[in-house]
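Source file: entry.cif. Holds: mmCIF, N, CA and C atoms and all ligand atoms.
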data_structure
#
loop_
_atom_site.label_atom_id
_atom_site.label_comp_id
_atom_site.auth_asym_id
_atom_site.auth_seq_id
_atom_site.Cartn_x
_atom_site.Cartn_y
_atom_site.Cartn_z
N MET A 1 78.05 154.24 77.55
CA MET A 1 76.93 154.26 76.60
C MET A 1 76.73 152.88 75.94
N TYR A 2 77.83 152.19 75.67
CA TYR A 2 77.72 150.85 75.07
C TYR A 2 78.12 149.78 76.09
N SER A 3 77.38 148.67 76.10
CA SER A 3 77.69 147.59 77.04
C SER A 3 79.03 146.95 76.64
N GLU A 4 79.61 146.22 77.61
CA GLU A 4 80.88 145.53 77.34
C GLU A 4 80.72 144.55 76.19
N LEU A 5 79.55 143.90 76.16
CA LEU A 5 79.31 142.90 75.13
C LEU A 5 79.27 143.56 73.74
N VAL A 6 78.66 144.74 73.66
CA VAL A 6 78.63 145.46 72.39
C VAL A 6 80.07 145.78 71.96
N MET A 7 80.86 146.28 72.89
CA MET A 7 82.24 146.64 72.56
C MET A 7 83.03 145.41 72.13
N ASP A 8 82.77 144.29 72.82
CA ASP A 8 83.48 143.05 72.51
C ASP A 8 83.14 142.59 71.08
N HIS A 9 81.84 142.58 70.76
CA HIS A 9 81.44 142.12 69.42
C HIS A 9 81.83 143.11 68.33
N PHE A 10 81.96 144.40 68.71
CA PHE A 10 82.38 145.40 67.73
C PHE A 10 83.87 145.27 67.44
N THR A 11 84.67 145.11 68.50
CA THR A 11 86.12 145.06 68.29
C THR A 11 86.59 143.68 67.85
N ASN A 12 85.79 142.66 68.16
CA ASN A 12 86.19 141.29 67.83
C ASN A 12 84.99 140.54 67.25
N PRO A 13 84.51 141.01 66.10
CA PRO A 13 83.27 140.42 65.57
C PRO A 13 83.45 138.95 65.16
N ARG A 14 82.44 138.15 65.44
CA ARG A 14 82.46 136.72 65.10
C ARG A 14 81.88 136.52 63.69
N ASN A 15 82.38 135.50 63.03
CA ASN A 15 81.79 135.06 61.76
C ASN A 15 81.79 136.13 60.67
N VAL A 16 82.88 136.90 60.61
CA VAL A 16 83.00 137.88 59.54
C VAL A 16 83.57 137.20 58.30
N GLY A 17 83.06 137.54 57.15
CA GLY A 17 83.62 137.00 55.90
C GLY A 17 82.54 136.61 54.92
N GLU A 18 82.93 135.74 54.01
CA GLU A 18 82.00 135.29 52.98
C GLU A 18 82.00 133.77 52.96
N ILE A 19 80.95 133.18 52.40
CA ILE A 19 80.95 131.73 52.15
C ILE A 19 80.86 131.59 50.63
N ALA A 20 81.92 131.06 50.04
CA ALA A 20 81.99 131.00 48.57
C ALA A 20 80.83 130.19 47.98
N ASP A 21 80.49 129.07 48.61
CA ASP A 21 79.42 128.24 48.06
C ASP A 21 78.17 128.32 48.94
N ALA A 22 77.84 129.55 49.31
CA ALA A 22 76.68 129.76 50.20
C ALA A 22 75.40 129.23 49.56
N ASP A 23 74.50 128.73 50.42
CA ASP A 23 73.19 128.27 49.93
C ASP A 23 72.19 129.42 49.86
N GLY A 24 72.49 130.48 50.61
CA GLY A 24 71.62 131.66 50.58
C GLY A 24 72.43 132.90 50.89
N ILE A 25 72.16 133.99 50.16
CA ILE A 25 72.85 135.25 50.41
C ILE A 25 71.79 136.35 50.52
N GLY A 26 71.90 137.13 51.57
CA GLY A 26 70.96 138.23 51.74
C GLY A 26 71.71 139.54 51.82
N GLU A 27 71.27 140.52 51.05
CA GLU A 27 71.90 141.84 51.12
C GLU A 27 70.83 142.87 51.44
N ILE A 28 71.13 143.65 52.45
CA ILE A 28 70.14 144.60 52.94
C ILE A 28 70.80 145.96 53.12
N GLY A 29 70.10 147.01 52.75
CA GLY A 29 70.59 148.36 52.99
C GLY A 29 69.70 149.04 54.01
N ASN A 30 70.32 149.85 54.83
CA ASN A 30 69.55 150.60 55.81
C ASN A 30 69.19 151.97 55.21
N ALA A 31 67.91 152.17 54.97
CA ALA A 31 67.48 153.39 54.30
C ALA A 31 67.80 154.63 55.13
N LYS A 32 67.88 154.45 56.45
CA LYS A 32 68.08 155.63 57.32
C LYS A 32 69.51 156.16 57.26
N CYS A 33 70.48 155.27 57.05
CA CYS A 33 71.88 155.73 57.11
C CYS A 33 72.69 155.33 55.88
N GLY A 34 72.15 154.44 55.04
CA GLY A 34 72.86 154.03 53.84
C GLY A 34 73.83 152.89 54.06
N ASP A 35 73.90 152.35 55.29
CA ASP A 35 74.80 151.23 55.55
C ASP A 35 74.26 149.96 54.89
N ILE A 36 75.19 149.05 54.58
CA ILE A 36 74.84 147.83 53.85
C ILE A 36 75.36 146.60 54.59
N MET A 37 74.58 145.54 54.58
CA MET A 37 75.02 144.29 55.18
C MET A 37 74.75 143.12 54.25
N LYS A 38 75.68 142.17 54.24
CA LYS A 38 75.52 140.97 53.43
C LYS A 38 75.68 139.77 54.35
N MET A 39 74.76 138.84 54.26
CA MET A 39 74.75 137.66 55.12
C MET A 39 74.78 136.42 54.24
N TYR A 40 75.64 135.46 54.59
CA TYR A 40 75.78 134.21 53.83
C TYR A 40 75.42 133.05 54.73
N ILE A 41 74.62 132.11 54.24
CA ILE A 41 74.30 130.93 55.06
C ILE A 41 74.54 129.64 54.28
N LYS A 42 74.93 128.61 55.04
CA LYS A 42 74.98 127.23 54.54
C LYS A 42 73.86 126.49 55.25
N VAL A 43 73.12 125.70 54.50
CA VAL A 43 71.97 124.99 55.08
C VAL A 43 72.08 123.50 54.76
N GLU A 44 71.92 122.69 55.80
CA GLU A 44 71.87 121.24 55.61
C GLU A 44 70.69 120.71 56.39
N ASN A 45 69.84 119.92 55.73
CA ASN A 45 68.66 119.36 56.41
C ASN A 45 67.90 120.42 57.19
N ASN A 46 67.70 121.56 56.57
CA ASN A 46 66.90 122.62 57.18
C ASN A 46 67.59 123.33 58.36
N VAL A 47 68.88 123.02 58.57
CA VAL A 47 69.60 123.62 59.70
C VAL A 47 70.72 124.51 59.17
N ILE A 48 70.91 125.65 59.81
CA ILE A 48 71.98 126.57 59.41
C ILE A 48 73.31 126.03 59.97
N THR A 49 74.15 125.54 59.10
CA THR A 49 75.40 124.92 59.55
C THR A 49 76.56 125.89 59.52
N ASN A 50 76.41 127.00 58.80
CA ASN A 50 77.46 128.01 58.80
C ASN A 50 76.83 129.35 58.41
N VAL A 51 77.36 130.40 58.97
CA VAL A 51 76.87 131.74 58.64
C VAL A 51 78.01 132.74 58.75
N LYS A 52 78.08 133.62 57.77
CA LYS A 52 79.10 134.67 57.80
C LYS A 52 78.45 135.98 57.34
N PHE A 53 79.05 137.08 57.79
CA PHE A 53 78.49 138.37 57.35
C PHE A 53 79.59 139.36 57.03
N LYS A 54 79.21 140.31 56.18
CA LYS A 54 80.10 141.43 55.87
C LYS A 54 79.25 142.68 55.94
N THR A 55 79.78 143.73 56.49
CA THR A 55 78.98 144.94 56.55
C THR A 55 79.82 146.19 56.31
N PHE A 56 79.22 147.12 55.59
CA PHE A 56 79.74 148.47 55.53
C PHE A 56 78.81 149.24 56.44
N GLY A 57 79.04 149.12 57.72
CA GLY A 57 78.10 149.72 58.65
C GLY A 57 78.78 150.18 59.91
N CYS A 58 77.99 150.75 60.77
CA CYS A 58 78.51 151.31 62.01
C CYS A 58 78.82 150.21 63.02
N GLY A 59 79.39 150.60 64.13
CA GLY A 59 79.76 149.65 65.18
C GLY A 59 78.58 148.87 65.71
N SER A 60 77.43 149.51 65.85
CA SER A 60 76.25 148.81 66.36
C SER A 60 75.77 147.76 65.36
N ALA A 61 75.88 148.07 64.07
CA ALA A 61 75.48 147.09 63.04
C ALA A 61 76.43 145.90 63.08
N ILE A 62 77.72 146.16 63.28
CA ILE A 62 78.70 145.08 63.35
C ILE A 62 78.43 144.21 64.58
N ALA A 63 78.23 144.85 65.73
CA ALA A 63 78.02 144.10 66.97
C ALA A 63 76.74 143.27 66.90
N THR A 64 75.66 143.86 66.36
CA THR A 64 74.40 143.11 66.32
C THR A 64 74.49 141.96 65.32
N SER A 65 75.16 142.17 64.19
CA SER A 65 75.27 141.07 63.22
C SER A 65 76.12 139.96 63.79
N SER A 66 77.19 140.35 64.48
CA SER A 66 78.09 139.37 65.04
C SER A 66 77.35 138.45 66.01
N ILE A 67 76.62 139.03 66.95
CA ILE A 67 75.92 138.20 67.94
C ILE A 67 74.75 137.46 67.28
N ALA A 68 74.14 138.08 66.26
CA ALA A 68 73.03 137.41 65.57
C ALA A 68 73.51 136.15 64.86
N THR A 69 74.71 136.20 64.29
CA THR A 69 75.22 135.00 63.61
C THR A 69 75.44 133.88 64.64
N GLU A 70 75.89 134.25 65.84
CA GLU A 70 76.06 133.23 66.89
C GLU A 70 74.72 132.65 67.31
N MET A 71 73.68 133.51 67.31
CA MET A 71 72.37 133.07 67.78
C MET A 71 71.66 132.16 66.79
N ILE A 72 72.01 132.24 65.49
CA ILE A 72 71.30 131.39 64.51
C ILE A 72 72.14 130.19 64.08
N MET A 73 73.41 130.17 64.43
CA MET A 73 74.27 129.03 64.05
C MET A 73 73.71 127.75 64.66
N GLY A 74 73.51 126.73 63.82
CA GLY A 74 73.02 125.45 64.32
C GLY A 74 71.51 125.41 64.53
N LYS A 75 70.84 126.51 64.21
CA LYS A 75 69.37 126.56 64.39
C LYS A 75 68.66 126.15 63.09
N SER A 76 67.41 125.72 63.25
CA SER A 76 66.62 125.43 62.06
C SER A 76 66.25 126.76 61.40
N LEU A 77 65.86 126.69 60.13
CA LEU A 77 65.47 127.92 59.43
C LEU A 77 64.28 128.58 60.13
N GLU A 78 63.35 127.76 60.60
CA GLU A 78 62.17 128.31 61.28
C GLU A 78 62.58 129.07 62.54
N GLU A 79 63.50 128.47 63.30
CA GLU A 79 63.96 129.14 64.53
C GLU A 79 64.68 130.45 64.18
N ALA A 80 65.54 130.37 63.15
CA ALA A 80 66.31 131.57 62.77
C ALA A 80 65.37 132.70 62.35
N LEU A 81 64.26 132.34 61.73
CA LEU A 81 63.32 133.37 61.27
C LEU A 81 62.62 134.07 62.42
N THR A 82 62.59 133.42 63.58
CA THR A 82 61.91 134.05 64.72
C THR A 82 62.83 135.01 65.47
N LEU A 83 64.10 135.05 65.08
CA LEU A 83 65.04 135.95 65.76
C LEU A 83 64.69 137.41 65.43
N SER A 84 64.31 138.15 66.45
CA SER A 84 63.95 139.55 66.23
C SER A 84 65.11 140.46 66.59
N ASN A 85 65.08 141.66 66.04
CA ASN A 85 66.15 142.60 66.39
C ASN A 85 66.10 142.93 67.88
N LYS A 86 64.90 142.83 68.44
CA LYS A 86 64.74 143.09 69.88
C LYS A 86 65.52 142.06 70.69
N ALA A 87 65.40 140.79 70.30
CA ALA A 87 66.12 139.73 71.01
C ALA A 87 67.62 139.92 70.87
N VAL A 88 68.05 140.38 69.70
CA VAL A 88 69.48 140.59 69.46
C VAL A 88 69.99 141.73 70.35
N VAL A 89 69.22 142.79 70.42
CA VAL A 89 69.61 143.94 71.26
C VAL A 89 69.66 143.52 72.73
N GLU A 90 68.67 142.72 73.15
CA GLU A 90 68.66 142.25 74.54
C GLU A 90 69.88 141.39 74.84
N ALA A 91 70.22 140.53 73.88
CA ALA A 91 71.38 139.65 74.08
C ALA A 91 72.67 140.45 74.22
N LEU A 92 72.69 141.63 73.62
CA LEU A 92 73.88 142.48 73.71
C LEU A 92 73.89 143.35 74.97
N GLY A 93 72.81 143.26 75.74
CA GLY A 93 72.73 144.10 76.93
C GLY A 93 72.24 145.50 76.61
N GLY A 94 71.56 145.64 75.48
CA GLY A 94 70.96 146.93 75.13
C GLY A 94 71.81 147.76 74.19
N LEU A 95 71.15 148.70 73.54
CA LEU A 95 71.81 149.67 72.64
C LEU A 95 71.18 151.03 72.93
N PRO A 96 71.91 152.11 72.69
CA PRO A 96 71.27 153.43 72.82
C PRO A 96 70.08 153.52 71.87
N ALA A 97 69.05 154.23 72.27
CA ALA A 97 67.80 154.28 71.48
C ALA A 97 68.03 154.66 70.02
N HIS A 98 68.93 155.62 69.79
CA HIS A 98 69.11 156.07 68.40
C HIS A 98 69.92 155.07 67.58
N LYS A 99 70.36 153.97 68.21
CA LYS A 99 71.11 152.94 67.48
C LYS A 99 70.28 151.67 67.24
N ILE A 100 69.04 151.68 67.72
CA ILE A 100 68.20 150.49 67.57
C ILE A 100 68.00 150.16 66.09
N HIS A 101 67.89 151.19 65.26
CA HIS A 101 67.62 150.92 63.82
C HIS A 101 68.76 150.12 63.19
N CYS A 102 69.96 150.22 63.76
CA CYS A 102 71.10 149.47 63.22
C CYS A 102 70.90 147.96 63.40
N SER A 103 70.23 147.58 64.50
CA SER A 103 70.06 146.15 64.78
C SER A 103 69.07 145.52 63.81
N VAL A 104 68.23 146.34 63.20
CA VAL A 104 67.24 145.81 62.25
C VAL A 104 67.94 145.21 61.03
N LEU A 105 69.10 145.77 60.73
CA LEU A 105 69.86 145.30 59.56
C LEU A 105 70.20 143.81 59.68
N ALA A 106 70.59 143.37 60.86
CA ALA A 106 70.96 141.96 61.07
C ALA A 106 69.75 141.06 60.87
N GLU A 107 68.64 141.44 61.49
CA GLU A 107 67.42 140.62 61.36
C GLU A 107 66.99 140.52 59.90
N GLN A 108 67.03 141.65 59.21
CA GLN A 108 66.59 141.66 57.81
C GLN A 108 67.54 140.89 56.91
N ALA A 109 68.84 140.99 57.18
CA ALA A 109 69.81 140.28 56.35
C ALA A 109 69.66 138.77 56.51
N ILE A 110 69.37 138.32 57.72
CA ILE A 110 69.15 136.89 57.95
C ILE A 110 67.91 136.44 57.17
N LYS A 111 66.84 137.23 57.29
CA LYS A 111 65.61 136.88 56.57
C LYS A 111 65.85 136.86 55.06
N ALA A 112 66.61 137.84 54.57
CA ALA A 112 66.88 137.90 53.12
C ALA A 112 67.69 136.70 52.67
N ALA A 113 68.65 136.27 53.50
CA ALA A 113 69.47 135.10 53.14
C ALA A 113 68.62 133.84 53.12
N ILE A 114 67.72 133.71 54.09
CA ILE A 114 66.84 132.54 54.13
C ILE A 114 65.87 132.57 52.94
N ALA A 115 65.37 133.75 52.62
CA ALA A 115 64.47 133.89 51.46
C ALA A 115 65.20 133.48 50.19
N ASP A 116 66.47 133.87 50.08
CA ASP A 116 67.28 133.52 48.91
C ASP A 116 67.47 132.01 48.84
N TYR A 117 67.69 131.40 50.00
CA TYR A 117 67.84 129.94 50.06
C TYR A 117 66.57 129.26 49.53
N TYR A 118 65.42 129.69 50.03
CA TYR A 118 64.16 129.09 49.58
C TYR A 118 63.98 129.28 48.08
N ARG A 119 64.29 130.49 47.59
CA ARG A 119 64.14 130.78 46.16
C ARG A 119 64.99 129.82 45.35
N LYS A 120 66.22 129.58 45.81
CA LYS A 120 67.12 128.68 45.09
C LYS A 120 66.61 127.24 45.12
N GLN A 121 65.79 126.90 46.12
CA GLN A 121 65.20 125.56 46.20
C GLN A 121 63.91 125.48 45.39
N GLY A 122 63.55 126.60 44.75
CA GLY A 122 62.31 126.62 43.97
C GLY A 122 61.07 126.79 44.84
N ILE A 123 61.28 127.29 46.07
CA ILE A 123 60.15 127.51 46.99
C ILE A 123 59.90 129.01 47.10
N ASP A 124 58.64 129.40 46.99
CA ASP A 124 58.31 130.82 47.14
C ASP A 124 58.51 131.23 48.60
N PRO A 125 59.46 132.14 48.87
CA PRO A 125 59.75 132.47 50.28
C PRO A 125 58.71 133.36 50.94
N GLU A 126 57.93 134.05 50.14
CA GLU A 126 57.06 135.08 50.71
C GLU A 126 56.13 134.57 51.83
N PRO A 127 55.42 133.42 51.62
CA PRO A 127 54.53 132.97 52.70
C PRO A 127 55.30 132.53 53.95
N ILE A 128 56.57 132.16 53.78
CA ILE A 128 57.35 131.66 54.93
C ILE A 128 58.06 132.81 55.64
N VAL A 129 58.74 133.63 54.83
CA VAL A 129 59.59 134.66 55.40
C VAL A 129 58.83 135.97 55.62
N GLY A 130 57.84 136.22 54.78
CA GLY A 130 57.07 137.46 54.90
C GLY A 130 57.82 138.65 54.36
N CYS A 131 57.45 139.81 54.82
CA CYS A 131 58.06 141.05 54.34
C CYS A 131 59.40 141.24 55.03
N ILE A 132 60.44 141.45 54.25
CA ILE A 132 61.78 141.54 54.84
C ILE A 132 62.15 142.97 55.16
N GLU A 133 62.02 143.82 54.18
CA GLU A 133 62.51 145.17 54.38
C GLU A 133 61.44 146.07 54.95
N ASP A 134 61.92 147.14 55.51
CA ASP A 134 61.06 148.16 56.04
C ASP A 134 60.50 148.92 54.84
N CYS A 135 59.70 148.24 54.04
CA CYS A 135 59.37 148.79 52.74
C CYS A 135 58.18 149.74 52.80
N GLU A 136 57.91 150.35 51.69
CA GLU A 136 56.85 151.36 51.66
C GLU A 136 55.51 150.75 51.98
N ALA A 137 55.30 149.51 51.55
CA ALA A 137 54.01 148.86 51.83
C ALA A 137 53.81 148.73 53.33
N CYS A 138 54.91 148.43 54.04
CA CYS A 138 54.83 148.33 55.51
C CYS A 138 54.39 149.65 56.09
N HIS A 139 55.03 150.73 55.61
CA HIS A 139 54.70 152.05 56.15
C HIS A 139 53.26 152.41 55.84
N ALA A 140 52.84 152.05 54.62
CA ALA A 140 51.47 152.37 54.21
C ALA A 140 50.47 151.68 55.15
N HIS A 141 50.85 150.50 55.65
CA HIS A 141 49.96 149.77 56.55
C HIS A 141 50.25 150.07 58.01
N GLY A 142 51.18 151.00 58.23
CA GLY A 142 51.52 151.35 59.60
C GLY A 142 52.27 150.23 60.30
N HIS A 143 52.83 149.32 59.52
CA HIS A 143 53.56 148.20 60.11
C HIS A 143 55.03 148.55 60.21
N GLU A 144 55.49 148.84 61.40
CA GLU A 144 56.89 149.15 61.62
C GLU A 144 57.56 147.95 62.26
N HIS A 145 58.82 147.77 61.93
CA HIS A 145 59.56 146.72 62.65
C HIS A 145 59.78 147.17 64.07
N GLU A 146 59.79 146.22 64.99
CA GLU A 146 59.94 146.60 66.41
C GLU A 146 61.30 147.19 66.69
FE1 LIG B 201 73.84 152.69 59.87
FE2 LIG B 201 74.08 151.93 62.33
S1 LIG B 201 74.22 153.95 61.59
S2 LIG B 201 73.57 150.73 60.62
#

Could you write out this structure as structure tokens?
Ligand code: FES
Amino acid sequence: MYSELVMDHFTNPRNVGEIADADGIGEIGNAKCGDIMKMYIKVENNVITNVKFKTFGCGSAIATSSIATEMIMGKSLEEALTLSNKAVVEALGGLPAHKIHCSVLAEQAIKAAIADYYRKQGIDPEPIVGCIEDCEACHAHGHEHE
């Protein structure tokens, strides 16, 4: 049911932990299951130089966050913002359909951390990062995350 890569990232997750002097911290909860994820980033010259995550979540959330941190390490903020949960799931070799919602947590936590970084720089993140959470306004507009 789970690819080898999913099992590998679940049993041996990369970049787990905290960054004490993080430049941005994003915390996201999954409304569907109540799981929580926290993402920490260090940013230098617009590039993500370090990223760590902590999650109280299921195996799929751990595996997707783990590979997502690898995918954004060393990337510019703009590039990191284009990382979709779909790309993360593909990189893992797929997830069972009922576990796709878990991968959204990683994408949202990255966006929230980047938004926090911009806020700390005195920049309004909304025009850059857009809507982060699967919020009610999204549902009202029929806008679902992929
Ligand atoms: Fe909650 Fe997977 S079941 S994130």

Practice task
To one decimal in Å, tell me the separation between atom C of Lys99 (chain A) and atom N of Ser66 (chain A).
Solution key: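 Taking atom C of Lys99 (chain A) as the start and atom N of Ser66 (chain A) as the end point, the length is 13.5 Å.
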
Practice task
Check the smallest atom-to-atom distance from each of A:Gly130, A:Met1, A:Arg119, A:Gln108 to Glu27 (chain A) using only N, CA and C atoms, then report the winner.
Solution key: A:Gln108

Fill in the blank from the handout: For ligand LIG 201 (chain B), the closest of A:Met39, A:Val104, A:Ala20, A:Ala112 counting all atoms listed in the file is A:Val104

Per residue of chain A within 8 Å of ligand LIG 201 (chain B), note the shortest atom pair and the distance in Å to one decimal, counting all atoms listed in the file, and order the rows by chain and increasing residue number, as a tab-separated table.
residue	atom	partner	partner_atom	distance
A:Gly29	C	B:LIG201	S2	7.8
A:Asn30	CA	B:LIG201	FE1	6.3
A:Ala31	N	B:LIG201	FE1	7.7
A:Lys32	C	B:LIG201	FE1	6.1
A:Cys33	CA	B:LIG201	FE1	4.5
A:Gly34	N	B:LIG201	FE1	5.4
A:Asp35	N	B:LIG201	FE1	4.6
A:Ile36	N	B:LIG201	S2	6.5
A:Phe56	C	B:LIG201	S2	6.9
A:Gly57	CA	B:LIG201	S2	5.0
A:Cys58	N	B:LIG201	FE2	4.4
A:Gly59	N	B:LIG201	FE2	5.8
A:Ser60	C	B:LIG201	FE2	5.4
A:Ala61	N	B:LIG201	FE2	4.6
A:Ile62	N	B:LIG201	S2	6.7
A:His98	C	B:LIG201	FE2	7.4
A:Lys99	CA	B:LIG201	FE2	6.0
A:Ile100	C	B:LIG201	FE2	7.4
A:His101	C	B:LIG201	S2	5.5
A:Cys102	CA	B:LIG201	S2	3.8
A:Ser103	N	B:LIG201	S2	6.0
A:Val104	N	B:LIG201	S2	7.4
A:Leu105	CA	B:LIG201	S2	6.7
A:Ala106	N	B:LIG201	S2	7.9

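For Leu5 (chain A), the list of residues within 8 Å, based on only N, CA and C atoms and with local chain neighbours fewer than 6 positions off taken out, reads A:Thr11, A:Ala63, A:Ala91, A:Leu92, A:Gly93.
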
Exercise for the section: Identify which of the residues A:Glu44, A:Arg14, A:Thr64, A:Lys54 lies closest to Gly94 (chain A), counting only C-alpha atoms when measuring atom-to-atom distances. Expected result: A:Thr64

As a PDB file, in the frame of the given file, the rebuilt region 14-22 of chain A with all heavy atoms:
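Once written, result-v8.pdb looks like this:
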ATOM      1  N   ARG A  14      82.440 138.150  65.440  1.00  0.00           N
ATOM      2  CA  ARG A  14      82.460 136.720  65.100  1.00  0.00           C
ATOM      3  C   ARG A  14      81.880 136.520  63.690  1.00  0.00           C
ATOM      4  O   ARG A  14      80.969 137.238  63.293  1.00  0.00           O
ATOM      5  CB  ARG A  14      81.634 135.872  66.043  1.00  0.00           C
ATOM      6  CG  ARG A  14      81.599 136.172  67.528  1.00  0.00           C
ATOM      7  CD  ARG A  14      82.865 136.550  68.239  1.00  0.00           C
ATOM      8  NE  ARG A  14      82.616 136.557  69.677  1.00  0.00           N
ATOM      9  CZ  ARG A  14      82.741 137.620  70.473  1.00  0.00           C
ATOM     10  NH1 ARG A  14      83.148 138.774  69.991  1.00  0.00           N
ATOM     11  NH2 ARG A  14      82.471 137.520  71.754  1.00  0.00           N
ATOM     12  N   ASN A  15      82.380 135.500  63.030  1.00  0.00           N
ATOM     13  CA  ASN A  15      81.790 135.060  61.760  1.00  0.00           C
ATOM     14  C   ASN A  15      81.790 136.130  60.670  1.00  0.00           C
ATOM     15  O   ASN A  15      80.823 136.273  59.928  1.00  0.00           O
ATOM     16  CB  ASN A  15      80.361 134.540  61.978  1.00  0.00           C
ATOM     17  CG  ASN A  15      80.315 133.438  63.009  1.00  0.00           C
ATOM     18  OD1 ASN A  15      81.091 132.483  62.921  1.00  0.00           O
ATOM     19  ND2 ASN A  15      79.458 133.560  63.995  1.00  0.00           N
ATOM     20  N   VAL A  16      82.880 136.900  60.610  1.00  0.00           N
ATOM     21  CA  VAL A  16      83.000 137.880  59.540  1.00  0.00           C
ATOM     22  C   VAL A  16      83.570 137.200  58.300  1.00  0.00           C
ATOM     23  O   VAL A  16      84.464 136.358  58.417  1.00  0.00           O
ATOM     24  CB  VAL A  16      83.942 139.031  59.951  1.00  0.00           C
ATOM     25  CG1 VAL A  16      84.236 139.952  58.772  1.00  0.00           C
ATOM     26  CG2 VAL A  16      83.321 139.826  61.077  1.00  0.00           C
ATOM     27  N   GLY A  17      83.060 137.540  57.150  1.00  0.00           N
ATOM     28  CA  GLY A  17      83.620 137.000  55.900  1.00  0.00           C
ATOM     29  C   GLY A  17      82.540 136.610  54.920  1.00  0.00           C
ATOM     30  O   GLY A  17      81.407 137.099  55.004  1.00  0.00           O
ATOM     31  N   GLU A  18      82.930 135.740  54.010  1.00  0.00           N
ATOM     32  CA  GLU A  18      82.000 135.290  52.980  1.00  0.00           C
ATOM     33  C   GLU A  18      82.000 133.770  52.960  1.00  0.00           C
ATOM     34  O   GLU A  18      82.961 133.152  53.408  1.00  0.00           O
ATOM     35  CB  GLU A  18      82.469 135.743  51.592  1.00  0.00           C
ATOM     36  CG  GLU A  18      82.485 137.221  51.397  1.00  0.00           C
ATOM     37  CD  GLU A  18      83.021 137.590  50.014  1.00  0.00           C
ATOM     38  OE1 GLU A  18      82.958 136.752  49.090  1.00  0.00           O
ATOM     39  OE2 GLU A  18      83.517 138.711  49.885  1.00  0.00           O
ATOM     40  N   ILE A  19      80.950 133.180  52.400  1.00  0.00           N
ATOM     41  CA  ILE A  19      80.950 131.730  52.150  1.00  0.00           C
ATOM     42  C   ILE A  19      80.860 131.590  50.630  1.00  0.00           C
ATOM     43  O   ILE A  19      79.851 131.995  50.030  1.00  0.00           O
ATOM     44  CB  ILE A  19      79.774 131.030  52.848  1.00  0.00           C
ATOM     45  CG1 ILE A  19      79.849 131.255  54.373  1.00  0.00           C
ATOM     46  CG2 ILE A  19      79.767 129.544  52.523  1.00  0.00           C
ATOM     47  CD1 ILE A  19      78.664 130.714  55.147  1.00  0.00           C
ATOM     48  N   ALA A  20      81.920 131.060  50.040  1.00  0.00           N
ATOM     49  CA  ALA A  20      81.990 131.000  48.570  1.00  0.00           C
ATOM     50  C   ALA A  20      80.830 130.190  47.980  1.00  0.00           C
ATOM     51  O   ALA A  20      80.250 130.595  46.970  1.00  0.00           O
ATOM     52  CB  ALA A  20      83.326 130.409  48.147  1.00  0.00           C
ATOM     53  N   ASP A  21      80.490 129.070  48.610  1.00  0.00           N
ATOM     54  CA  ASP A  21      79.420 128.240  48.060  1.00  0.00           C
ATOM     55  C   ASP A  21      78.170 128.320  48.940  1.00  0.00           C
ATOM     56  O   ASP A  21      77.551 127.312  49.275  1.00  0.00           O
ATOM     57  CB  ASP A  21      79.889 126.780  47.924  1.00  0.00           C
ATOM     58  CG  ASP A  21      80.334 126.201  49.267  1.00  0.00           C
ATOM     59  OD1 ASP A  21      80.585 127.002  50.200  1.00  0.00           O
ATOM     60  OD2 ASP A  21      80.419 124.970  49.385  1.00  0.00           O
ATOM     61  N   ALA A  22      77.840 129.550  49.310  1.00  0.00           N
ATOM     62  CA  ALA A  22      76.680 129.760  50.200  1.00  0.00           C
ATOM     63  C   ALA A  22      75.400 129.230  49.560  1.00  0.00           C
ATOM     64  O   ALA A  22      75.234 129.277  48.341  1.00  0.00           O
ATOM     65  CB  ALA A  22      76.537 131.247  50.497  1.00  0.00           C
TER      66      ALA A  22
END
